[in-house]
Amino acid sequence: MTTATANEQRTRLLRDGYCHFPQILDADLLERTREVSDRMLDALPPKHLDEQKSTGSMISVYQDPHFADLVATLCAREALATLGFDNPKFASGFVISKPGGSPPLFWHQDWWGWDEECSYTWDQPMQAFLMWYLVDTTIDNGCLRVLRGTHRKRHSMHDAVPDAHTAELRAVVDPDHPAYQAQPEEVDVPVKAGDLVVGDSRLLHSAHANKTDQRRTVITLWYYPAWDELSEPIRARMAKAGQSYGWSPEVVQRLGSLLPTYDGDAEDATWNRIPGPRFT
Ligand SMILES: O=C(O)CCC(=O)C(=O)O
């Protein structure tokens, strides 16, 4: 990738809250990821999907060692390096699969540290998602949609749905709830399998309904791209979370330098998913 293209990608991430790297995942790794994910999804109890009608499946990547390879794959690290992040750390990840005939995902943002100053001042993400879709996505099968720039700027959805991660919204108790509604300024992000979408955890995003009869799976992996610049309270909390990865120690070793560590004595940052009034 040329320096100019790398700069453009970083500009997009900082300005729009996301960017897109076409066709970077190795075909074998993609195929193995599909096989492992499909196996897990086929084994899911129906109750799981009833409770998660909007998101689709929510399975931790710790349930299979294969995902450690995806987390640590060189192309993910190279994409982050292209964006200016040379020492990222891994946080967590999920297999999110919208079954055929499932409703839209609710609008939400995923940042948990809204009591921290950086949430209001940083252009670059404190926490970033790396989304690997395992099939080509379109408006028909539930592609991602985003509200550009909302990682830095308040939108009416922040007030309409201050906390989107509720059991009612996941189960789609009220399909007319504002959290599912199309927004005039929404931008669709259709991708090909093997593309990577990187985004700021503060960005408001959701996904279209899956109107096809095929499942649409994404592996969402969370990283701390600018780990060394994060406040000590954030690093303190996240390094502890990193000690409880659900993989065996041998599998965790595969993450190498992506493992978060912190040896200071700061108190953990508090968990607060709701942006404060100063977020304008
Ligand atoms: O299902 C999708 O396309 C998006 C998943 C998502 O919003 C997330 O992982 O935070």
# chains A, B, ... in the order shown; residues from 1 in each chain; ligands from 1
$ residues_near_ligand --ligand "ligand 1" --cutoff "9 Å" --atoms "only C-alpha atoms and all ligand atoms" --output "PyMOL selection string"
chain A and resi 54-56+58+93-98+104-110+129-131+133+137+142-145+201+204-208+216-222
$ residues_around --residues "Lys89 in chain A" --least-positions-apart "2" --cutoff "9 Å" --atoms "only C-alpha atoms" --output "PyMOL selection string"
chain A and resi 87+91+222-227+255+257-261
$ write_last_selection --atoms "C-alpha atoms" --output "PDB file, in the first residue's frame"
ATOM      1  CA  ASN A  87       1.421  -1.784  19.047  1.00  0.00           C
ATOM      2  CA  ALA A  91      -9.695  -7.263  23.705  1.00  0.00           C
ATOM      3  CA  TRP A 222     -12.068  -5.760  19.253  1.00  0.00           C
ATOM      4  CA  TYR A 223      -8.598  -4.235  19.608  1.00  0.00           C
ATOM      5  CA  TYR A 224      -6.965  -1.318  21.439  1.00  0.00           C
ATOM      6  CA  PRO A 225      -5.032   0.120  18.499  1.00  0.00           C
ATOM      7  CA  ALA A 226      -3.210   2.921  20.350  1.00  0.00           C
ATOM      8  CA  TRP A 227      -2.570   1.005  23.562  1.00  0.00           C
ATOM      9  CA  LEU A 255      -1.507 -13.684  20.287  1.00  0.00           C
ATOM     10  CA  SER A 257       2.502  -8.953  21.384  1.00  0.00           C
ATOM     11  CA  LEU A 258      -1.287  -8.473  21.075  1.00  0.00           C
ATOM     12  CA  LEU A 259      -1.687  -9.490  24.727  1.00  0.00           C
ATOM     13  CA  PRO A 260      -2.392  -6.416  26.878  1.00  0.00           C
ATOM     14  CA  THR A 261      -0.221  -5.951  29.958  1.00  0.00           C
TER      15      THR A 261
END
$ residues_around --residues "range 2-16 of chain A" --least-positions-apart "4" --cutoff "8 Å" --atoms "only C-alpha atoms" --output "list in words"
His20, Thr82, Leu83, Gly84, Asp123, Gln124, Pro125, Arg148, Gly149, Thr150, His151, Val198, Gly199 and Asp200 of chain A
$ closest_atom_pairs --of "range 17-42 of chain A" --to "range 62-78 of chain A" --cutoff "10 Å" --atoms "only C-alpha atoms" --output "CSV"
residue,atom,partner,partner_atom,distance
A:Phe21,CA,A:Ala76,CA,9.9
A:Ile24,CA,A:Cys75,CA,6.5
A:Leu25,CA,A:Cys75,CA,6.7
A:Asp26,CA,A:Cys75,CA,8.3
A:Leu29,CA,A:Leu70,CA,7.4
A:Leu30,CA,A:Leu70,CA,8.8
A:Arg32,CA,A:His66,CA,8.1
A:Thr33,CA,A:His66,CA,7.4
A:Val36,CA,A:His66,CA,7.5
A:Ser37,CA,A:Asp64,CA,9.0
A:Met40,CA,A:Gln63,CA,8.7
$ atom_distance --atom1 "CA of Lys240 in chain A" --atom2 "CA of Asp268 in chain A"
9.0 Å
$ closest_residue --among "A:Ala266, A:Gly17, A:Asp176, A:Pro88" --to "Lys153 in chain A" --atoms "only C-alpha atoms"
A:Gly17
